[in-house]
file entry.cif (mmCIF, C-alpha atoms)
data_input
loop_
_atom_site.label_atom_id
_atom_site.label_comp_id
_atom_site.auth_asym_id
_atom_site.auth_seq_id
_atom_site.Cartn_x
_atom_site.Cartn_y
_atom_site.Cartn_z
CA MET V 1020 -45.72 16.23 78.94
CA ASN V 1021 -47.74 15.93 75.71
CA SER V 1022 -44.79 16.84 73.49
CA MET V 1023 -42.94 13.81 74.88
CA LYS V 1024 -45.73 11.51 73.75
CA LYS V 1025 -45.77 12.91 70.22
CA SER V 1026 -43.67 10.88 67.81
CA SER V 1027 -40.69 12.56 66.17
CA ARG V 1028 -42.38 11.86 62.80
CA ALA V 1029 -45.47 13.84 63.87
CA GLN V 1030 -43.23 16.63 65.15
CA PHE V 1031 -41.26 16.65 61.89
CA LEU V 1032 -44.38 17.00 59.75
CA GLU V 1033 -45.83 19.68 62.04
CA ILE V 1034 -42.73 21.84 61.63
CA VAL V 1035 -42.36 21.54 57.86
CA ASN V 1036 -46.10 21.93 57.22
CA ALA V 1037 -46.16 25.06 59.40
CA HIS V 1038 -43.83 26.68 56.85
CA ILE V 1039 -46.24 25.91 53.99
CA SER V 1040 -48.96 27.56 56.02
CA LEU V 1041 -46.72 30.61 56.71
CA ARG V 1042 -45.95 30.88 53.00
CA ASP V 1043 -49.66 30.70 52.16
CA GLN V 1044 -50.33 33.49 54.65
CA ALA V 1045 -47.57 35.58 53.03
CA LYS V 1046 -45.59 35.49 56.30
CA LYS V 1047 -41.90 34.83 56.89
CA TYR V 1048 -41.10 31.18 56.16
CA ASP V 1049 -38.09 29.00 55.49
CA PRO V 1050 -37.99 28.03 51.79
CA ALA V 1051 -35.84 24.97 52.58
CA MET V 1052 -38.58 23.66 54.89
CA VAL V 1053 -41.26 24.26 52.26
CA LYS V 1054 -39.16 22.31 49.75
CA VAL V 1055 -38.84 19.38 52.18
CA ALA V 1056 -42.60 19.42 52.83
CA MET V 1057 -43.34 19.41 49.07
CA ASP V 1058 -40.79 16.65 48.41
CA ILE V 1059 -42.46 14.48 51.07
CA LYS V 1060 -45.93 15.27 49.72
CA GLU V 1061 -44.90 14.49 46.15
CA GLY V 1062 -43.07 11.30 47.08
CA ARG V 1063 -39.48 12.36 46.34
CA LEU V 1064 -38.52 12.03 50.00
CA GLN V 1065 -39.74 9.72 52.69
CA LEU V 1066 -39.36 9.80 56.46
CA ALA V 1067 -37.50 7.12 58.36
CA ASP V 1068 -36.68 6.47 62.00
CA ALA V 1069 -33.05 7.34 62.64
CA ALA V 1070 -30.48 7.07 65.38
CA TYR V 1071 -26.94 8.43 65.19
CA TYR V 1072 -24.62 6.97 67.79
CA SER V 1073 -21.06 7.13 69.00
CA ILE V 1074 -19.07 5.38 71.71
CA LYS V 1075 -15.95 6.98 73.17
CA PHE V 1076 -13.32 5.96 75.67
CA ALA V 1077 -13.53 8.66 78.34
CA GLY V 1078 -11.05 7.42 80.95
CA ASN V 1079 -9.19 10.16 82.83
CA ARG V 1080 -10.90 12.91 80.83
CA ALA V 1081 -13.12 15.73 82.04
CA ASN V 1082 -14.12 16.92 78.54
CA ILE V 1083 -15.48 14.37 76.10
CA ASP V 1084 -16.39 15.16 72.48
CA MET V 1085 -18.67 12.36 71.35
CA PHE V 1086 -18.56 13.21 67.62
CA GLU V 1087 -15.22 14.24 66.11
CA THR V 1088 -14.07 15.13 62.61
CA GLN V 1089 -11.63 12.21 62.51
CA ASP V 1090 -14.41 9.67 63.21
CA ALA V 1091 -15.14 7.03 60.57
CA LYS V 1092 -18.23 4.83 60.44
CA GLU V 1093 -17.66 1.44 62.07
CA ILE V 1094 -20.47 -0.80 63.31
CA GLY V 1095 -20.47 -1.03 67.09
CA ILE V 1096 -18.42 2.18 67.46
CA THR V 1097 -20.25 4.93 65.50
CA ASN V 1098 -22.47 5.33 62.43
CA VAL V 1099 -21.38 8.93 61.82
CA THR V 1100 -18.44 9.95 59.62
CA GLN V 1101 -16.60 13.23 60.30
CA SER V 1102 -19.42 14.42 62.62
CA LYS V 1103 -21.77 15.12 59.70
CA LEU V 1104 -24.95 13.51 58.41
CA GLN V 1105 -24.96 11.83 55.02
CA LYS V 1106 -25.71 14.17 52.14
CA ASP V 1107 -29.33 15.23 51.56
CA ARG V 1108 -30.43 14.25 55.05
CA LEU V 1109 -32.52 16.48 57.31
CA PHE V 1110 -32.75 15.01 60.81
CA LEU V 1111 -35.13 16.02 63.58
CA CYS V 1112 -33.56 15.04 66.90
CA ASN V 1113 -36.27 14.65 69.53
CA ARG V 1114 -34.50 12.50 72.13
CA ILE V 1115 -31.00 11.66 73.31
CA ILE V 1116 -29.94 8.45 75.03
CA LEU V 1117 -26.78 8.44 77.13
CA LEU V 1118 -25.34 5.31 78.71
CA ALA V 1119 -21.99 4.37 80.22
CA ALA V 1120 -19.88 1.47 81.42
CA GLU V 1121 -16.51 0.75 82.93
CA ILE V 1122 -14.17 -1.73 81.22
CA GLU V 1123 -13.78 -4.88 83.30
CA GLY V 1124 -10.26 -6.17 83.87
CA ASP V 1125 -7.16 -4.57 82.40
CA LEU V 1126 -7.26 -1.65 79.99
CA PRO V 1127 -6.73 -2.74 76.36
CA ASP V 1128 -3.18 -1.97 75.24
CA SER V 1129 -3.96 -1.10 71.60
CA ASP V 1130 -6.56 0.75 69.57
CA SER V 1131 -7.78 -2.45 67.92
CA GLN V 1132 -8.14 -4.18 71.31
CA LEU V 1133 -10.03 -1.16 72.68
CA LYS V 1134 -12.44 -1.30 69.72
CA LYS V 1135 -12.99 -5.02 70.31
CA THR V 1136 -13.70 -4.34 74.00
CA ILE V 1137 -16.14 -1.53 73.13
CA LYS V 1138 -18.04 -3.82 70.75
CA GLN V 1139 -18.47 -6.40 73.51
CA THR V 1140 -19.51 -4.00 76.28
CA ASN V 1141 -23.01 -3.89 77.76
CA PHE V 1142 -23.92 -0.28 78.53
CA ASP V 1143 -25.99 0.75 81.52
CA SER V 1144 -27.11 3.82 83.48
CA ILE V 1145 -24.57 6.65 83.79
CA LYS V 1146 -25.27 6.43 87.53
CA LYS V 1147 -23.06 3.32 87.61
CA VAL V 1148 -19.96 5.40 86.75
CA ALA V 1149 -18.78 7.76 89.50
CA GLY V 1150 -19.09 11.47 88.72
CA LEU V 1151 -20.84 11.25 85.34
CA GLN V 1152 -24.25 12.35 86.55
CA ASN V 1153 -22.75 15.51 88.06
CA GLY V 1154 -21.43 16.83 84.74
CA VAL V 1155 -23.14 18.88 82.04
CA PHE V 1156 -23.80 18.22 78.34
CA SER V 1157 -24.37 20.40 75.30
CA LEU V 1158 -25.47 19.84 71.70
CA VAL V 1159 -24.44 22.15 68.87
CA ALA V 1160 -25.60 21.83 65.25
CA ASN V 1161 -25.60 24.16 62.24
CA LYS V 1162 -23.43 26.55 64.29
CA LYS V 1163 -26.29 26.96 66.79
CA THR V 1164 -26.50 25.74 70.35
CA ILE V 1165 -29.44 23.36 70.68
CA ILE V 1166 -28.79 22.35 74.29
CA ASP V 1167 -26.66 24.54 76.52
CA GLU V 1168 -24.85 22.98 79.50
CA ARG V 1169 -27.73 20.94 80.85
CA PRO V 1170 -27.10 18.65 83.84
CA MET V 1171 -26.20 15.05 83.03
CA GLN V 1172 -28.73 14.13 85.74
CA GLU V 1173 -31.34 14.33 82.93
CA PHE V 1174 -30.12 10.90 81.74
CA VAL V 1175 -30.65 9.20 85.10
CA THR V 1176 -34.06 7.62 84.44
CA ASP V 1177 -33.40 4.43 86.43
CA ASN V 1178 -36.62 4.60 88.44
CA ASN V 1179 -38.86 5.97 85.68
CA LEU V 1180 -40.73 3.05 84.13
CA MET V 1181 -42.33 5.34 81.52
CA THR V 1182 -38.99 6.21 79.90
CA ASN V 1183 -36.31 4.04 78.34
CA LEU V 1184 -33.06 3.93 80.31
CA GLY V 1185 -30.91 7.04 79.89
CA THR V 1186 -33.38 8.87 77.63
CA TYR V 1187 -33.82 12.65 77.61
CA TYR V 1188 -36.57 14.21 75.45
CA LEU V 1189 -35.79 17.61 73.93
CA GLU V 1190 -38.33 20.21 75.01
CA SER V 1191 -37.97 21.84 71.60
CA PRO V 1192 -36.86 19.24 69.03
CA ARG V 1193 -34.48 20.73 66.49
CA PHE V 1194 -33.31 19.93 63.00
CA ILE V 1195 -29.75 18.91 62.23
CA ARG V 1196 -28.80 19.57 58.60
CA ASP V 1197 -26.35 17.61 56.51
CA ASP V 1198 -23.95 20.41 55.57
CA GLU V 1199 -22.57 21.29 59.01
CA GLU V 1200 -20.73 19.35 61.69
CA PHE V 1201 -22.65 18.65 64.87
CA GLU V 1202 -21.19 18.27 68.35
CA PHE V 1203 -22.26 16.54 71.53
CA ASN V 1204 -19.98 17.53 74.39
CA ILE V 1205 -19.75 16.36 77.97
CA GLU V 1206 -18.01 18.38 80.67
CA LEU V 1207 -17.26 16.82 84.04
CA GLY V 1208 -16.18 18.46 87.27
CA ASP V 1209 -13.40 15.91 87.58
CA ASP V 1210 -11.77 13.33 85.29
CA ALA V 1211 -13.89 10.24 84.61
CA PRO V 1212 -12.64 6.97 86.15
CA ASN V 1213 -9.80 5.53 84.05
CA LYS V 1214 -11.85 2.71 82.44
CA THR V 1215 -14.92 4.73 81.45
CA LEU V 1216 -16.80 4.25 78.18
CA VAL V 1217 -19.67 6.54 77.17
CA LYS V 1218 -22.32 5.91 74.52
CA VAL V 1219 -24.59 8.60 73.06
CA VAL V 1220 -27.52 8.10 70.68
CA LEU V 1221 -29.32 11.00 68.96
CA ALA V 1222 -32.70 9.62 67.90
CA GLY V 1223 -35.56 10.94 65.81
CA THR V 1224 -36.76 11.14 62.21
CA VAL V 1225 -34.75 11.74 59.03
CA THR V 1226 -35.49 12.32 55.35
CA ILE V 1227 -34.28 9.66 52.92
CA PRO V 1228 -34.76 9.45 49.13
CA ALA V 1229 -38.05 7.72 48.29
#
call {"tool": "encode", "arguments": {"input": "entry.cif", "output": "structure tokens"}}
result
Amino acid sequence: MNSMKKSSRAQFLEIVNAHISLRDQAKKYDPAMVKVAMDIKEGRLQLADAAYYSIKFAGNRANIDMFETQDAKEIGITNVTQSKLQKDRLFLCNRIILLAAEIEGDLPDSDSQLKKTIKQTNFDSIKKVAGLQNGVFSLVANKKTIIDERPMQEFVTDNNLMTNLGTYYLESPRFIRDDEEFEFNIELGDDAPNKTLVKVVLAGTVTIPA
């Protein structure tokens, strides 16, 4: 449980500083991590809280890709373009928030109307949408699987007062680099109800220029 209480900033510094220590012991280390540690130490980079989010219409679909290469940044829809981080960002993802909702009333009949509806929707526990909690999710970044087909049940935190709604903490927080696309995929046993919206947030700590 302790790793959950550690901030993503503390986890970030622990990982990069471990590589300086490995280098100093003449052991195998990642030069990129040493560079990041030195840039932070010397004030070229600073650490900031970060959250990368995306909302998708998931009606009548069993497979939902939450970040796609055709995505463009638009407030209230996503802050990720082409499923990549901005250049020169190194992001440590230590928790994922997943929420859902069903559109009230008729389905919007155009893309612009759908976007307007999404921007006005209040998201809630995935438990409120039939079938979502019985699916699985996976996270892939830098061509490596970070989370492999874990049950969506992890995001049902409705009765846990110690955790924010829909929040799953990664047991081993992992870095997402800026040069590769990342994917967050949901697979359901059956199509989602026809008015389903899903929102994912990858949260943690990122490097930004100082």
call {"tool": "residues_around", "arguments": {"input": "entry.cif", "residues": "range 1061-1068 of chain V", "least_positions_apart": "6", "cutoff": "9 Å", "atoms": "only C-alpha atoms", "output": "short mmCIF file (atom, residue, chain, number, x, y, z; two decimals) with C-alpha atoms, in the frame of the given file"}}
result
data_model
loop_
_atom_site.label_atom_id
_atom_site.label_comp_id
_atom_site.auth_asym_id
_atom_site.auth_seq_id
_atom_site.Cartn_x
_atom_site.Cartn_y
_atom_site.Cartn_z
CA SER V 1027 -40.69 12.56 66.17
CA ARG V 1028 -42.38 11.86 62.80
CA PHE V 1031 -41.26 16.65 61.89
CA VAL V 1055 -38.84 19.38 52.18
CA ALA V 1222 -32.70 9.62 67.90
CA GLY V 1223 -35.56 10.94 65.81
CA THR V 1224 -36.76 11.14 62.21
CA VAL V 1225 -34.75 11.74 59.03
CA THR V 1226 -35.49 12.32 55.35
CA ILE V 1227 -34.28 9.66 52.92
CA PRO V 1228 -34.76 9.45 49.13
CA ALA V 1229 -38.05 7.72 48.29
#
call {"tool": "atom_distance", "arguments": {"input": "entry.cif", "atom1": "CA of Leu1189 in chain V", "atom2": "CA of Phe1142 in chain V"}}
result
22.0 Å
call {"tool": "closest_residue", "arguments": {"input": "entry.cif", "among": "V:Ser1144, V:Asn1178, V:Ser1040, V:Thr1088", "to": "Ala1056 in chain V", "atoms": "all atoms listed in the file"}}
result
V:Ser1040
call {"tool": "residues_around", "arguments": {"input": "entry.cif", "residues": "range 1098-1112 of chain V", "least_positions_apart": "6", "cutoff": "7 Å", "atoms": "only C-alpha atoms", "output": "list in words"}}
result
Phe1031, Tyr1071, Tyr1072, Ser1073, Phe1086, Glu1087, Thr1088, Gln1089, Asp1090, Ala1091, Lys1092, Pro1192, Arg1193, Phe1194, Ile1195, Arg1196, Asp1197, Glu1199, Glu1200, Phe1201, Leu1221, Ala1222, Gly1223, Thr1224, Val1225, Thr1226 and Ile1227 of chain V
call {"tool": "write_last_selection", "arguments": {"input": "entry.cif", "atoms": "C-alpha atoms", "output": "mmCIF file, in the coordinates of the input"}}
result
data_model
loop_
_atom_site.group_PDB
_atom_site.id
_atom_site.type_symbol
_atom_site.label_atom_id
_atom_site.label_comp_id
_atom_site.auth_asym_id
_atom_site.auth_seq_id
_atom_site.Cartn_x
_atom_site.Cartn_y
_atom_site.Cartn_z
ATOM 1 C CA PHE V 1031 -41.260 16.650 61.890
ATOM 2 C CA TYR V 1071 -26.940 8.430 65.190
ATOM 3 C CA TYR V 1072 -24.620 6.970 67.790
ATOM 4 C CA SER V 1073 -21.060 7.130 69.000
ATOM 5 C CA PHE V 1086 -18.560 13.210 67.620
ATOM 6 C CA GLU V 1087 -15.220 14.240 66.110
ATOM 7 C CA THR V 1088 -14.070 15.130 62.610
ATOM 8 C CA GLN V 1089 -11.630 12.210 62.510
ATOM 9 C CA ASP V 1090 -14.410 9.670 63.210
ATOM 10 C CA ALA V 1091 -15.140 7.030 60.570
ATOM 11 C CA LYS V 1092 -18.230 4.830 60.440
ATOM 12 C CA PRO V 1192 -36.860 19.240 69.030
ATOM 13 C CA ARG V 1193 -34.480 20.730 66.490
ATOM 14 C CA PHE V 1194 -33.310 19.930 63.000
ATOM 15 C CA ILE V 1195 -29.750 18.910 62.230
ATOM 16 C CA ARG V 1196 -28.800 19.570 58.600
ATOM 17 C CA ASP V 1197 -26.350 17.610 56.510
ATOM 18 C CA GLU V 1199 -22.570 21.290 59.010
ATOM 19 C CA GLU V 1200 -20.730 19.350 61.690
ATOM 20 C CA PHE V 1201 -22.650 18.650 64.870
ATOM 21 C CA LEU V 1221 -29.320 11.000 68.960
ATOM 22 C CA ALA V 1222 -32.700 9.620 67.900
ATOM 23 C CA GLY V 1223 -35.560 10.940 65.810
ATOM 24 C CA THR V 1224 -36.760 11.140 62.210
ATOM 25 C CA VAL V 1225 -34.750 11.740 59.030
ATOM 26 C CA THR V 1226 -35.490 12.320 55.350
ATOM 27 C CA ILE V 1227 -34.280 9.660 52.920
#
call {"tool": "resolve_selection", "arguments": {"input": "entry.cif", "expression": "the PyMOL selection byres ((chain V and resi 1152) around 12)", "output": "count of residues only"}}
result
31
call {"tool": "atom_distance", "arguments": {"input": "entry.cif", "atom1": "CA of Asn1183 in chain V", "atom2": "CA of Val1159 in chain V"}}
result
23.6 Å
call {"tool": "closest_residue", "arguments": {"input": "entry.cif", "among": "V:Leu1041, V:Ile1116, V:Met1057, V:Ala1051", "to": "Leu1184 in chain V", "atoms": "only C-alpha atoms"}}
result
V:Ile1116
call {"tool": "closest_atom_pairs", "arguments": {"input": "entry.cif", "of": "range 1158-1216 of chain V", "to": "range 1130-1141 of chain V", "cutoff": "12 Å", "atoms": "only C-alpha atoms", "output": "JSON lines"}}
result
{"residue": "V:Lys1214", "atom": "CA", "partner": "V:Leu1133", "partner_atom": "CA", "distance": 10.7}
{"residue": "V:Thr1215", "atom": "CA", "partner": "V:Ile1137", "partner_atom": "CA", "distance": 10.5}
{"residue": "V:Leu1216", "atom": "CA", "partner": "V:Ile1137", "partner_atom": "CA", "distance": 7.7}
